[in-house]
file final-v4.txt (compact mmCIF, N, CA and C atoms)
# COMPACT_ATOMS: atom_id res chain seq x y z
N MET A 1 -41.67 -25.56 21.46
CA MET A 1 -40.40 -25.05 21.88
C MET A 1 -40.62 -23.65 22.42
N THR A 2 -40.13 -23.43 23.62
CA THR A 2 -40.28 -22.11 24.22
C THR A 2 -39.02 -21.29 23.98
N ARG A 3 -39.22 -20.05 23.82
CA ARG A 3 -38.11 -19.13 23.56
C ARG A 3 -37.81 -18.34 24.83
N ARG A 4 -36.52 -18.31 25.18
CA ARG A 4 -36.14 -17.56 26.38
C ARG A 4 -35.95 -16.10 26.03
N ASN A 5 -36.38 -15.26 26.89
CA ASN A 5 -36.20 -13.83 26.72
C ASN A 5 -34.86 -13.45 27.35
N THR A 6 -33.92 -13.01 26.51
CA THR A 6 -32.58 -12.67 27.01
C THR A 6 -32.48 -11.22 27.44
N GLY A 7 -33.49 -10.46 27.29
CA GLY A 7 -33.45 -9.07 27.69
C GLY A 7 -32.97 -8.19 26.55
N SER A 8 -32.81 -6.94 26.86
CA SER A 8 -32.40 -6.00 25.83
C SER A 8 -30.90 -6.12 25.56
N VAL A 9 -30.47 -5.50 24.47
CA VAL A 9 -29.06 -5.54 24.09
C VAL A 9 -28.20 -4.86 25.13
N SER A 10 -28.67 -3.75 25.68
CA SER A 10 -27.87 -3.04 26.68
C SER A 10 -27.71 -3.87 27.95
N GLU A 11 -28.72 -4.68 28.29
CA GLU A 11 -28.62 -5.55 29.46
C GLU A 11 -27.56 -6.63 29.25
N VAL A 12 -27.52 -7.19 28.05
CA VAL A 12 -26.53 -8.22 27.73
C VAL A 12 -25.13 -7.61 27.74
N ARG A 13 -25.00 -6.43 27.17
CA ARG A 13 -23.69 -5.76 27.15
C ARG A 13 -23.21 -5.45 28.57
N SER A 14 -24.12 -5.03 29.41
CA SER A 14 -23.71 -4.69 30.78
C SER A 14 -23.26 -5.93 31.53
N ARG A 15 -23.85 -7.10 31.23
CA ARG A 15 -23.41 -8.34 31.88
C ARG A 15 -21.97 -8.68 31.49
N PHE A 16 -21.66 -8.54 30.19
CA PHE A 16 -20.32 -8.87 29.74
C PHE A 16 -19.31 -7.79 30.11
N ALA A 17 -19.74 -6.56 30.22
CA ALA A 17 -18.83 -5.48 30.59
C ALA A 17 -18.40 -5.59 32.04
N SER A 18 -19.22 -6.23 32.86
CA SER A 18 -18.88 -6.35 34.28
C SER A 18 -17.94 -7.52 34.55
N LEU A 19 -17.55 -8.27 33.54
CA LEU A 19 -16.66 -9.41 33.76
C LEU A 19 -15.28 -8.98 34.24
N ASP A 20 -14.79 -7.83 33.79
CA ASP A 20 -13.47 -7.38 34.21
C ASP A 20 -13.42 -7.05 35.70
N SER A 21 -14.53 -6.66 36.26
CA SER A 21 -14.54 -6.31 37.68
C SER A 21 -15.16 -7.42 38.53
N MET A 22 -15.33 -8.61 37.98
CA MET A 22 -15.98 -9.71 38.68
C MET A 22 -15.09 -10.23 39.80
N GLU A 23 -15.66 -10.56 40.92
CA GLU A 23 -14.92 -11.11 42.04
C GLU A 23 -15.25 -12.58 42.18
N SER A 24 -14.25 -13.35 42.57
CA SER A 24 -14.47 -14.79 42.76
C SER A 24 -15.07 -15.02 44.15
N SER A 25 -15.35 -16.29 44.46
CA SER A 25 -15.97 -16.61 45.74
C SER A 25 -15.01 -16.36 46.91
N SER A 26 -13.70 -16.31 46.64
CA SER A 26 -12.74 -16.05 47.71
C SER A 26 -12.55 -14.56 47.96
N GLY A 27 -13.21 -13.72 47.19
CA GLY A 27 -13.12 -12.29 47.39
C GLY A 27 -12.03 -11.63 46.57
N LEU A 28 -11.28 -12.40 45.78
CA LEU A 28 -10.23 -11.83 44.93
C LEU A 28 -10.83 -11.36 43.62
N GLY A 29 -10.32 -10.26 43.12
CA GLY A 29 -10.82 -9.71 41.86
C GLY A 29 -10.27 -10.46 40.66
N TYR A 30 -11.02 -10.49 39.62
CA TYR A 30 -10.61 -11.13 38.37
C TYR A 30 -9.81 -10.12 37.56
N SER A 31 -8.69 -10.56 37.03
CA SER A 31 -7.92 -9.71 36.12
C SER A 31 -7.34 -10.59 35.02
N ARG A 32 -7.23 -10.02 33.85
CA ARG A 32 -6.70 -10.78 32.71
C ARG A 32 -5.20 -10.97 32.89
N LEU A 33 -4.73 -12.17 32.56
CA LEU A 33 -3.31 -12.45 32.65
C LEU A 33 -2.58 -12.09 31.38
N HIS A 34 -3.29 -12.11 30.28
CA HIS A 34 -2.65 -11.89 28.98
C HIS A 34 -3.64 -11.18 28.08
N ASP A 35 -3.18 -10.18 27.33
CA ASP A 35 -4.09 -9.45 26.46
C ASP A 35 -4.13 -10.00 25.04
N GLY A 36 -3.37 -11.07 24.75
CA GLY A 36 -3.41 -11.69 23.43
C GLY A 36 -2.36 -11.19 22.47
N PHE A 37 -1.53 -10.25 22.88
CA PHE A 37 -0.50 -9.70 22.01
C PHE A 37 0.88 -10.02 22.59
N ILE A 38 1.85 -10.17 21.70
CA ILE A 38 3.23 -10.36 22.12
C ILE A 38 4.08 -9.23 21.54
N ASP A 39 5.19 -8.91 22.19
CA ASP A 39 6.00 -7.77 21.77
C ASP A 39 6.62 -7.96 20.39
N SER A 40 7.03 -9.18 20.07
CA SER A 40 7.67 -9.41 18.77
C SER A 40 6.68 -9.25 17.61
N GLN A 41 5.42 -9.24 17.91
CA GLN A 41 4.40 -9.03 16.89
C GLN A 41 4.48 -7.63 16.30
N PHE A 42 4.95 -6.68 17.07
CA PHE A 42 5.00 -5.29 16.64
C PHE A 42 6.39 -4.85 16.21
N HIS A 43 7.34 -5.77 16.17
CA HIS A 43 8.71 -5.45 15.75
C HIS A 43 8.76 -5.40 14.23
N LEU A 44 9.21 -4.27 13.69
CA LEU A 44 9.33 -4.12 12.24
C LEU A 44 10.72 -4.54 11.80
N PRO A 45 10.80 -5.40 10.79
CA PRO A 45 12.13 -5.79 10.31
C PRO A 45 12.81 -4.61 9.62
N GLU A 46 14.12 -4.69 9.53
CA GLU A 46 14.88 -3.63 8.88
C GLU A 46 14.51 -3.56 7.40
N GLN A 47 14.29 -2.35 6.91
CA GLN A 47 13.88 -2.18 5.52
C GLN A 47 15.07 -2.35 4.59
N THR A 48 14.87 -3.15 3.56
CA THR A 48 15.89 -3.26 2.52
C THR A 48 15.39 -2.49 1.31
N ILE A 49 16.30 -1.84 0.64
CA ILE A 49 15.94 -1.04 -0.53
C ILE A 49 15.97 -1.93 -1.76
N PRO A 50 14.85 -2.06 -2.48
CA PRO A 50 14.82 -2.91 -3.69
C PRO A 50 15.45 -2.19 -4.89
N TRP A 51 16.77 -2.27 -4.99
CA TRP A 51 17.50 -1.52 -6.01
C TRP A 51 17.12 -1.94 -7.42
N LYS A 52 16.90 -3.24 -7.66
CA LYS A 52 16.54 -3.70 -9.01
C LYS A 52 15.20 -3.12 -9.45
N ALA A 53 14.23 -3.13 -8.55
CA ALA A 53 12.90 -2.61 -8.87
C ALA A 53 12.94 -1.10 -9.09
N ILE A 54 13.73 -0.40 -8.30
CA ILE A 54 13.85 1.05 -8.48
C ILE A 54 14.56 1.36 -9.79
N GLY A 55 15.56 0.55 -10.14
CA GLY A 55 16.24 0.73 -11.42
C GLY A 55 15.31 0.50 -12.60
N LEU A 56 14.49 -0.56 -12.51
CA LEU A 56 13.52 -0.82 -13.57
C LEU A 56 12.49 0.30 -13.66
N ALA A 57 12.02 0.77 -12.52
CA ALA A 57 11.04 1.86 -12.52
C ALA A 57 11.63 3.14 -13.12
N THR A 58 12.88 3.41 -12.80
CA THR A 58 13.55 4.60 -13.36
C THR A 58 13.70 4.46 -14.87
N THR A 59 14.07 3.26 -15.32
CA THR A 59 14.20 3.01 -16.77
C THR A 59 12.86 3.19 -17.47
N LEU A 60 11.80 2.63 -16.89
CA LEU A 60 10.46 2.79 -17.48
C LEU A 60 10.05 4.26 -17.52
N PHE A 61 10.34 4.97 -16.45
CA PHE A 61 9.99 6.39 -16.37
C PHE A 61 10.72 7.20 -17.45
N ILE A 62 12.02 6.98 -17.60
CA ILE A 62 12.81 7.75 -18.58
C ILE A 62 12.42 7.39 -20.01
N LEU A 63 12.32 6.07 -20.30
CA LEU A 63 11.94 5.67 -21.65
C LEU A 63 10.51 6.09 -21.99
N GLY A 64 9.60 5.98 -21.03
CA GLY A 64 8.22 6.42 -21.25
C GLY A 64 8.14 7.90 -21.52
N SER A 65 8.89 8.69 -20.75
CA SER A 65 8.90 10.14 -20.98
C SER A 65 9.45 10.47 -22.36
N THR A 66 10.53 9.77 -22.74
CA THR A 66 11.13 10.00 -24.06
C THR A 66 10.15 9.66 -25.18
N LEU A 67 9.47 8.52 -25.06
CA LEU A 67 8.52 8.13 -26.10
C LEU A 67 7.32 9.07 -26.15
N ILE A 68 6.88 9.56 -25.03
CA ILE A 68 5.77 10.53 -25.03
C ILE A 68 6.20 11.82 -25.73
N ILE A 69 7.41 12.27 -25.47
CA ILE A 69 7.91 13.49 -26.13
C ILE A 69 8.03 13.26 -27.63
N ILE A 70 8.59 12.11 -28.03
CA ILE A 70 8.71 11.81 -29.46
C ILE A 70 7.33 11.71 -30.11
N GLY A 71 6.39 11.05 -29.43
CA GLY A 71 5.03 10.95 -29.95
C GLY A 71 4.36 12.30 -30.08
N ALA A 72 4.59 13.18 -29.11
CA ALA A 72 4.01 14.53 -29.19
C ALA A 72 4.62 15.31 -30.35
N LEU A 73 5.92 15.14 -30.58
CA LEU A 73 6.55 15.82 -31.71
C LEU A 73 6.05 15.26 -33.04
N LEU A 74 5.82 13.95 -33.10
CA LEU A 74 5.24 13.36 -34.31
C LEU A 74 3.82 13.87 -34.54
N LEU A 75 3.05 13.95 -33.47
CA LEU A 75 1.66 14.38 -33.58
C LEU A 75 1.56 15.85 -33.98
N SER A 76 2.45 16.67 -33.48
CA SER A 76 2.38 18.09 -33.79
C SER A 76 3.01 18.44 -35.14
N GLY A 77 3.76 17.53 -35.72
CA GLY A 77 4.33 17.77 -37.04
C GLY A 77 5.75 18.29 -37.03
N PHE A 78 6.40 18.39 -35.88
CA PHE A 78 7.79 18.84 -35.84
C PHE A 78 8.73 17.81 -36.44
N ILE A 79 8.36 16.54 -36.36
CA ILE A 79 9.10 15.48 -37.03
C ILE A 79 8.36 15.20 -38.33
N SER A 80 9.10 14.95 -39.40
CA SER A 80 8.51 14.91 -40.76
C SER A 80 7.32 13.95 -40.86
N ALA A 81 6.48 14.21 -41.84
CA ALA A 81 5.22 13.49 -42.02
C ALA A 81 5.41 12.07 -42.51
N GLU A 82 6.59 11.71 -42.96
CA GLU A 82 6.80 10.34 -43.45
C GLU A 82 6.75 9.32 -42.31
N TYR A 83 6.90 9.78 -41.07
CA TYR A 83 6.83 8.89 -39.91
C TYR A 83 5.49 9.02 -39.17
N SER A 84 4.50 9.58 -39.79
CA SER A 84 3.22 9.83 -39.11
C SER A 84 2.46 8.54 -38.78
N ASP A 85 2.77 7.43 -39.44
CA ASP A 85 2.09 6.17 -39.12
C ASP A 85 2.56 5.60 -37.77
N ARG A 86 3.62 6.12 -37.23
CA ARG A 86 4.17 5.63 -35.95
C ARG A 86 3.73 6.49 -34.77
N THR A 87 2.95 7.50 -35.01
CA THR A 87 2.60 8.45 -33.96
C THR A 87 1.85 7.79 -32.80
N TRP A 88 0.73 7.15 -33.08
CA TRP A 88 -0.11 6.59 -32.02
C TRP A 88 0.54 5.41 -31.31
N PRO A 89 1.20 4.48 -32.02
CA PRO A 89 1.89 3.42 -31.27
C PRO A 89 2.98 3.95 -30.34
N VAL A 90 3.72 4.97 -30.77
CA VAL A 90 4.76 5.54 -29.92
C VAL A 90 4.14 6.22 -28.70
N LEU A 91 3.06 6.96 -28.89
CA LEU A 91 2.39 7.61 -27.76
C LEU A 91 1.82 6.58 -26.77
N ILE A 92 1.16 5.56 -27.28
CA ILE A 92 0.56 4.55 -26.41
C ILE A 92 1.63 3.78 -25.65
N LEU A 93 2.69 3.38 -26.35
CA LEU A 93 3.79 2.67 -25.68
C LEU A 93 4.45 3.57 -24.63
N GLY A 94 4.61 4.84 -24.94
CA GLY A 94 5.18 5.78 -23.97
C GLY A 94 4.32 5.92 -22.73
N ILE A 95 3.01 5.99 -22.90
CA ILE A 95 2.10 6.10 -21.76
C ILE A 95 2.12 4.82 -20.93
N ILE A 96 2.14 3.66 -21.61
CA ILE A 96 2.18 2.38 -20.90
C ILE A 96 3.46 2.24 -20.08
N MET A 97 4.56 2.77 -20.57
CA MET A 97 5.82 2.70 -19.83
C MET A 97 5.91 3.79 -18.76
N PHE A 98 5.34 4.95 -19.02
CA PHE A 98 5.47 6.08 -18.11
C PHE A 98 4.70 5.88 -16.81
N ILE A 99 3.47 5.39 -16.90
CA ILE A 99 2.59 5.33 -15.72
C ILE A 99 3.17 4.46 -14.59
N PRO A 100 3.53 3.18 -14.83
CA PRO A 100 4.09 2.42 -13.70
C PRO A 100 5.47 2.93 -13.27
N GLY A 101 6.25 3.44 -14.22
CA GLY A 101 7.56 3.98 -13.86
C GLY A 101 7.43 5.18 -12.95
N PHE A 102 6.56 6.11 -13.28
CA PHE A 102 6.35 7.29 -12.45
C PHE A 102 5.81 6.91 -11.08
N TYR A 103 4.86 5.96 -11.05
CA TYR A 103 4.24 5.54 -9.79
C TYR A 103 5.29 4.99 -8.82
N HIS A 104 6.13 4.09 -9.30
CA HIS A 104 7.11 3.46 -8.41
C HIS A 104 8.28 4.38 -8.08
N VAL A 105 8.67 5.25 -8.99
CA VAL A 105 9.72 6.22 -8.68
C VAL A 105 9.22 7.19 -7.61
N ARG A 106 7.97 7.58 -7.69
CA ARG A 106 7.38 8.48 -6.69
C ARG A 106 7.36 7.81 -5.31
N ILE A 107 6.96 6.54 -5.25
CA ILE A 107 6.95 5.82 -3.98
C ILE A 107 8.37 5.71 -3.42
N ALA A 108 9.34 5.41 -4.28
CA ALA A 108 10.73 5.29 -3.83
C ALA A 108 11.25 6.63 -3.31
N TYR A 109 10.92 7.71 -3.97
CA TYR A 109 11.35 9.03 -3.53
C TYR A 109 10.75 9.39 -2.17
N TYR A 110 9.43 9.17 -2.03
CA TYR A 110 8.77 9.49 -0.77
C TYR A 110 9.28 8.60 0.37
N ALA A 111 9.54 7.33 0.08
CA ALA A 111 10.07 6.43 1.11
C ALA A 111 11.47 6.85 1.51
N PHE A 112 12.28 7.27 0.54
CA PHE A 112 13.64 7.72 0.84
C PHE A 112 13.63 8.99 1.69
N LYS A 113 12.71 9.89 1.40
CA LYS A 113 12.60 11.13 2.16
C LYS A 113 11.94 10.93 3.52
N GLY A 114 11.28 9.77 3.74
CA GLY A 114 10.69 9.45 5.03
C GLY A 114 9.30 10.00 5.24
N TYR A 115 8.55 10.23 4.16
CA TYR A 115 7.17 10.70 4.31
C TYR A 115 6.31 9.64 4.98
N GLN A 116 5.36 10.10 5.78
CA GLN A 116 4.46 9.21 6.50
C GLN A 116 3.61 8.41 5.52
N GLY A 117 3.53 7.10 5.69
CA GLY A 117 2.69 6.25 4.86
C GLY A 117 3.38 5.65 3.66
N TYR A 118 4.64 5.96 3.44
CA TYR A 118 5.39 5.42 2.31
C TYR A 118 6.58 4.63 2.83
N SER A 119 6.78 3.44 2.28
CA SER A 119 7.94 2.63 2.64
C SER A 119 8.40 1.85 1.42
N PHE A 120 9.61 1.34 1.50
CA PHE A 120 10.14 0.55 0.40
C PHE A 120 9.42 -0.79 0.27
N ASP A 121 8.65 -1.18 1.29
CA ASP A 121 7.87 -2.41 1.21
C ASP A 121 6.73 -2.30 0.20
N ASP A 122 6.37 -1.08 -0.19
CA ASP A 122 5.30 -0.87 -1.17
C ASP A 122 5.76 -1.13 -2.59
N ILE A 123 7.07 -1.26 -2.79
CA ILE A 123 7.63 -1.51 -4.12
C ILE A 123 7.89 -3.00 -4.25
N PRO A 124 7.37 -3.66 -5.28
CA PRO A 124 7.61 -5.10 -5.43
C PRO A 124 9.09 -5.38 -5.67
N ASP A 125 9.57 -6.46 -5.06
CA ASP A 125 10.98 -6.83 -5.18
C ASP A 125 11.10 -8.04 -6.10
N PHE A 126 12.22 -8.18 -6.77
CA PHE A 126 12.41 -9.26 -7.74
C PHE A 126 13.28 -10.39 -7.19
N ASN A 127 13.29 -10.60 -5.88
CA ASN A 127 14.10 -11.69 -5.30
C ASN A 127 13.37 -12.99 -5.33

call {"tool": "encode", "arguments": {"input": "final-v4.txt", "output": "structure tokens"}}
result
Amino acid sequence: MTRRNTGSVSEVRSRFASLDSMESSSGLGYSRLHDGFIDSQFHLPEQTIPWKAIGLATTLFILGSTLIIIGALLLSGFISAEYSDRTWPVLILGIIMFIPGFYHVRIAYYAFKGYQGYSFDDIPDFN
């Protein structure tokens, strides 16, 4: 089996790059009729605000903040020592609730203010 020598990479690229300026046998130039894109492909649908998800995120944020504060007060001793067995569960539960709540409330705030790169589509909807 013989192997054909196709030339260097730059030679192959130059052959394909010249296709846009190629002329047919009748002397007419070649031009693309369609670039592969349609206008409706770039149309963005109207944004709907996911009120249920924002409400849940706000609830998680507020309850998580409250539990973190209560856990910190238990840990520091401002709340009596008889409740000290509840310190770590309250702190952990507060952190678990605070993190996703803060994350989604921040996205909702930035999307509402119109910051670049943030939209309400980034917040999961419950429909």

call {"tool": "atom_distance", "arguments": {"input": "final-v4.txt", "atom1": "atom C of Ile70 (chain A)", "atom2": "atom N of Val105 (chain A)"}}
result
22.1 Å

call {"tool": "atom_distance", "arguments": {"input": "final-v4.txt", "atom1": "CA of Leu56 (chain A)", "atom2": "CA of His104 (chain A)"}}
result
9.3 Å

call {"tool": "select_by_dssp", "arguments": {"input": "final-v4.txt", "residues": "region 66-99 of chain A", "states": "alpha helix (DSSP H)", "output": "ChimeraX atom specification"}}
result
/A:66-76,87-99

call {"tool": "closest_residue", "arguments": {"input": "final-v4.txt", "among": "A:Gly36, A:Ala108, A:Ile99, A:Ile62", "to": "Asp121 (chain A)", "atoms": "only C-alpha atoms"}}
result
A:Ala108

call {"tool": "atom_distance", "arguments": {"input": "final-v4.txt", "atom1": "atom N of Gly55 (chain A)", "atom2": "atom N of Ile107 (chain A)"}}
result
11.6 Å

call {"tool": "closest_residue", "arguments": {"input": "final-v4.txt", "among": "A:Gly64, A:Tyr110, A:Ser119, A:Asp125", "to": "Ile95 (chain A)", "atoms": "only N, CA and C atoms"}}
result
A:Gly64

call {"tool": "axis_aligned_box", "arguments": {"input": "final-v4.txt", "around": "region 64-81 of chain A", "padding_each_side": "5 Å", "output": "JSON"}}
result
{"center_x": 6.3, "center_y": 12.4, "center_z": -31.6, "size_x": 19.6, "size_y": 22.9, "size_z": 31.8}

call {"tool": "closest_residue", "arguments": {"input": "final-v4.txt", "among": "A:Leu60, A:Glu82, A:Pro45, A:Ile54", "to": "Met97 (chain A)", "atoms": "all atoms listed in the file"}}
result
A:Leu60
